Amino acid sequence: MLRNGEADAQLVRPDSDQTPTLSVVMPTLNEEAGIAECIERAKTAIATLGVPAEIILSDSSTDRTPEIGRELGATIYEPDEPGYGYAYRYAFDRARGDFIVMGDADTTYDFEEIPRLLAHLRDEDADMVMGSRLAGEIEPGAMPSLHQHIGNPALTKFLNLFYDAGVSDAHSGFRIFTQEAYDTMELETTGMEFASEMIMEAGAKDLKIAETPIVYHEREGEETLESFRDGWRHVRFMLVNAPGYLFSVPGVLLSLLGMTMMGIAYSNVSVSGVTLGTHSMIAGSLLTIVGYQIASLGVFAAVASDPIRKPEDPITERVTESLSLEHGATAGLAVFGVGSVYAATLLYQWATSGFMTLEFTMGALVAFTAIIIGLQTVFSSFFLSAVNR
């Protein structure tokens, strides 16, 4: 049976002069069906470790959850704002342990596994250890098939691709980390994307993340996760904080494709027996302009928003590191000037011909493309100067 007496003697109250070694934090929203089991399992882990500890409920319940928690020795904090992420941050800011454990209070995670996670943290000399459900065991009925086979693997691949997380289950909610790691991450989100933010910030701050397989159990009580809305919040947060992948890379690729199409069409070179004509030239011009605009948004985002993962492509890095209104405006005026010279000759020909219709030429489209990109560069330079002062 659970060694409740031993654990109760080791629980540290907020007003105690004794500093806990371990803080176990659970966000609770009407979890009276499973909270007692979660606390009892956490107390078993504390008794096994034999260290002073605190169990914290960050509670926004309207049922008996906080009363049950108090009866079992937990410390109850009531966040002054809503949100899953805010509930965790509110409790973490008040946690006093050298090591912090986080986990949902719905019996899906076995808090008796805390000693194993803590041992792994120490053995790996890691800053954070995550319990991996996808590398471990998911009991029947514990996770919807959509989450198990599509949602969680896809979101994990996103995080690994964009942020070099190197994890197998990025959205497992059972984690242990050091107090120092928490202070280093500087977390800010308030919603479900908080789980992603922790991994993103840990990766950006070069913190070491380790994993260990765990068993994921069927939950007690009602499900509060909204699959598509909360999944989209994770994806949106990841993309917005990785402007290199969202803007810079697609923009550069589109521009290169557009310029290649324009070059082939202008030179009248045959590709696999096919000669690109006027319509390909127009398409190439549009791709070049659109790609340039998208890539510019990557620079704007890197300068104005301080994303977690800053763009690392050489073009964006060069622009942001040596940002200068004068250099940008001068380059833009040069490109604009080259296009304008050609456009001026066309205007002269049009006027001297009695304003008769002029034949469309490839050179004219190149000139007009240069004029548009030149103007964009000039005004983008002024905009960047305004937001970066």
# chains A, B, ... in the order shown; residues from 1 in each chain; ligands from 1

$ select_by_dssp --residues "region 76-154 of chain A" --states "strand (DSSP E or B)" --output "MDAnalysis selection string"
chainID A and resid 76:77 99:102 128:138

$ closest_residue --among "A:Phe194, A:Tyr348, A:Phe92, A:Phe247" --to "Ser172 (chain A)" --atoms "only C-alpha atoms"
A:Phe194

$ closest_residue --among "A:Ser145, A:Thr184, A:Thr48, A:Asn241" --to "Asp306 (chain A)" --atoms "only C-alpha atoms"
A:Asn241

$ atom_distance --atom1 "CA of Ala181 (chain A)" --atom2 "CA of Ala42 (chain A)"
21.9 Å

$ closest_atom_pairs --of "region 17-89 of chain A" --to "region 198-203 of chain A" --cutoff "12 Å" --atoms "only C-alpha atoms" --output "CSV"
residue,atom,partner,partner_atom,distance
A:Gly85,CA,A:Met198,CA,10.1
A:Tyr88,CA,A:Met198,CA,11.3
A:Arg89,CA,A:Met198,CA,11.0

$ write_last_selection --atoms "N, CA and C atoms" --output "JSON list (two decimals), in the first residue's frame"
[["chain", "number", "residue", "atom", "x", "y", "z"],
["A", 85, "GLY", "N", -1.57, 27.13, -19.88],
["A", 85, "GLY", "CA", -0.19, 27.57, -19.72],
["A", 85, "GLY", "C", -0.02, 28.53, -18.56],
["A", 88, "TYR", "N", 0.09, 26.73, -15.20],
["A", 88, "TYR", "CA", 1.41, 26.16, -14.92],
["A", 88, "TYR", "C", 2.40, 27.25, -14.51],
["A", 89, "ARG", "N", 2.46, 28.33, -15.28],
["A", 89, "ARG", "CA", 3.41, 29.40, -14.97],
["A", 89, "ARG", "C", 3.15, 29.99, -13.59]]

$ residues_around --residues "Gly34 (chain A)" --least-positions-apart "4" --cutoff "10 Å" --atoms "only C-alpha atoms" --output "list in words"
Asn30, Cys38, Ile39, Thr65, Asp104, Ala105, Asp106, Thr107, Thr108, Arg219, Glu220 and Gly221 of chain A

$ closest_atom_pairs --of "region 211-290 of chain A" --to "region 109-126 of chain A" --cutoff "8 Å" --atoms "only C-alpha atoms" --output "CSV"
residue,atom,partner,partner_atom,distance
A:Thr212,CA,A:Leu117,CA,7.2
A:Val215,CA,A:Tyr109,CA,7.4
A:Tyr216,CA,A:Tyr109,CA,5.9
A:His217,CA,A:Tyr109,CA,6.4

$ residues_around --residues "Ile371 (chain A)" --least-positions-apart "3" --cutoff "7 Å" --atoms "only C-alpha atoms" --output "PyMOL selection string"
chain A and resi 335-336+339-340+367-368+374-375

$ write_last_selection --atoms "N, CA, C and O atoms" --output "PDB file, in the first residue's frame"
ATOM      1  N   VAL A 335      18.190  49.341 -58.483  1.00  0.00           N
ATOM      2  CA  VAL A 335      17.363  48.398 -59.235  1.00  0.00           C
ATOM      3  C   VAL A 335      16.220  49.142 -59.931  1.00  0.00           C
ATOM      4  O   VAL A 335      15.915  48.891 -61.103  1.00  0.00           O
ATOM      5  N   PHE A 336      15.609  50.068 -59.212  1.00  0.00           N
ATOM      6  CA  PHE A 336      14.534  50.868 -59.791  1.00  0.00           C
ATOM      7  C   PHE A 336      15.051  51.683 -60.981  1.00  0.00           C
ATOM      8  O   PHE A 336      14.387  51.798 -62.011  1.00  0.00           O
ATOM      9  N   GLY A 339      15.507  49.568 -64.213  1.00  0.00           N
ATOM     10  CA  GLY A 339      14.216  49.320 -64.856  1.00  0.00           C
ATOM     11  C   GLY A 339      13.623  50.577 -65.445  1.00  0.00           C
ATOM     12  O   GLY A 339      13.014  50.543 -66.522  1.00  0.00           O
ATOM     13  N   SER A 340      13.817  51.708 -64.767  1.00  0.00           N
ATOM     14  CA  SER A 340      13.231  52.963 -65.234  1.00  0.00           C
ATOM     15  C   SER A 340      13.868  53.446 -66.540  1.00  0.00           C
ATOM     16  O   SER A 340      13.196  54.045 -67.387  1.00  0.00           O
ATOM     17  N   ALA A 367      12.055  44.888 -67.109  1.00  0.00           N
ATOM     18  CA  ALA A 367      12.175  46.254 -66.591  1.00  0.00           C
ATOM     19  C   ALA A 367      11.100  46.560 -65.569  1.00  0.00           C
ATOM     20  O   ALA A 367      11.386  47.134 -64.505  1.00  0.00           O
ATOM     21  N   PHE A 368       9.855  46.175 -65.869  1.00  0.00           N
ATOM     22  CA  PHE A 368       8.771  46.463 -64.935  1.00  0.00           C
ATOM     23  C   PHE A 368       8.932  45.663 -63.633  1.00  0.00           C
ATOM     24  O   PHE A 368       8.607  46.149 -62.551  1.00  0.00           O
ATOM     25  N   GLY A 374      12.497  47.238 -56.986  1.00  0.00           N
ATOM     26  CA  GLY A 374      13.257  48.389 -56.509  1.00  0.00           C
ATOM     27  C   GLY A 374      12.444  49.253 -55.568  1.00  0.00           C
ATOM     28  O   GLY A 374      12.933  49.671 -54.504  1.00  0.00           O
ATOM     29  N   LEU A 375      11.191  49.539 -55.938  1.00  0.00           N
ATOM     30  CA  LEU A 375      10.324  50.340 -55.065  1.00  0.00           C
ATOM     31  C   LEU A 375      10.061  49.612 -53.743  1.00  0.00           C
ATOM     32  O   LEU A 375      10.057  50.237 -52.674  1.00  0.00           O
TER      33      LEU A 375
END

$ closest_residue --among "A:Ala265, A:Leu11, A:Ile289, A:Leu325" --to "Thr361 (chain A)" --atoms "only C-alpha atoms"
A:Ala265

$ decode --residues "region 195-206 of chain A" --atoms "all heavy atoms" --output "compact mmCIF listing (two decimals), in the first residue's frame"
# COMPACT_ATOMS: atom_id res chain seq x y z
N ALA A 195 2.95 23.80 -23.90
CA ALA A 195 3.75 22.57 -24.00
C ALA A 195 4.77 22.67 -25.12
O ALA A 195 5.91 22.22 -24.99
CB ALA A 195 2.83 21.37 -24.23
N SER A 196 4.37 23.28 -26.24
CA SER A 196 5.30 23.47 -27.36
C SER A 196 6.34 24.52 -27.02
O SER A 196 7.53 24.37 -27.34
CB SER A 196 4.54 23.90 -28.62
OG SER A 196 3.68 22.89 -29.07
N GLU A 197 5.91 25.60 -26.36
CA GLU A 197 6.83 26.69 -26.05
C GLU A 197 8.00 26.19 -25.18
O GLU A 197 9.15 26.61 -25.38
CB GLU A 197 6.10 27.82 -25.33
CG GLU A 197 6.99 29.02 -25.07
CD GLU A 197 6.37 30.06 -24.15
OE1 GLU A 197 5.43 29.71 -23.42
OE2 GLU A 197 6.82 31.22 -24.18
N MET A 198 7.72 25.29 -24.24
CA MET A 198 8.79 24.78 -23.39
C MET A 198 9.88 24.12 -24.22
O MET A 198 11.08 24.35 -24.01
CB MET A 198 8.22 23.77 -22.38
CG MET A 198 7.42 24.36 -21.26
SD MET A 198 7.01 23.13 -20.00
CE MET A 198 8.62 22.93 -19.22
N ILE A 199 9.48 23.29 -25.19
CA ILE A 199 10.45 22.59 -26.02
C ILE A 199 11.18 23.57 -26.93
O ILE A 199 12.40 23.49 -27.12
CB ILE A 199 9.77 21.50 -26.86
CG1 ILE A 199 8.94 20.58 -25.96
CG2 ILE A 199 10.80 20.69 -27.64
CD1 ILE A 199 9.73 19.91 -24.87
N MET A 200 10.44 24.51 -27.50
CA MET A 200 11.03 25.50 -28.40
C MET A 200 12.06 26.35 -27.68
O MET A 200 13.17 26.59 -28.16
CB MET A 200 9.92 26.36 -29.00
CG MET A 200 9.00 25.59 -29.95
SD MET A 200 7.36 26.34 -30.15
CE MET A 200 7.77 27.95 -30.78
N GLU A 201 11.69 26.83 -26.49
CA GLU A 201 12.61 27.68 -25.72
C GLU A 201 13.82 26.86 -25.23
O GLU A 201 14.95 27.36 -25.24
CB GLU A 201 11.89 28.28 -24.52
CG GLU A 201 10.95 29.43 -24.86
CD GLU A 201 11.71 30.72 -25.19
OE1 GLU A 201 12.95 30.73 -25.13
OE2 GLU A 201 11.05 31.71 -25.52
N ALA A 202 13.58 25.63 -24.82
CA ALA A 202 14.69 24.80 -24.36
C ALA A 202 15.69 24.58 -25.49
O ALA A 202 16.91 24.65 -25.28
CB ALA A 202 14.17 23.46 -23.85
N GLY A 203 15.17 24.33 -26.70
CA GLY A 203 16.06 24.15 -27.84
C GLY A 203 16.80 25.41 -28.19
O GLY A 203 18.01 25.39 -28.47
N ALA A 204 16.09 26.54 -28.18
CA ALA A 204 16.72 27.82 -28.54
C ALA A 204 17.76 28.24 -27.51
O ALA A 204 18.73 28.93 -27.85
CB ALA A 204 15.64 28.91 -28.66
N LYS A 205 17.57 27.83 -26.23
CA LYS A 205 18.52 28.20 -25.18
C LYS A 205 19.58 27.11 -24.94
O LYS A 205 20.32 27.17 -23.95
CB LYS A 205 17.75 28.45 -23.87
CG LYS A 205 16.69 29.56 -23.96
CD LYS A 205 17.28 30.93 -24.14
CE LYS A 205 16.22 32.00 -24.34
NZ LYS A 205 15.21 32.09 -23.30
N ASP A 206 19.64 26.14 -25.85
CA ASP A 206 20.65 25.07 -25.77
C ASP A 206 20.56 24.26 -24.48
O ASP A 206 21.57 23.80 -23.95
CB ASP A 206 22.07 25.64 -25.93
CG ASP A 206 22.31 26.21 -27.31
OD1 ASP A 206 21.80 25.63 -28.29
OD2 ASP A 206 23.00 27.24 -27.42
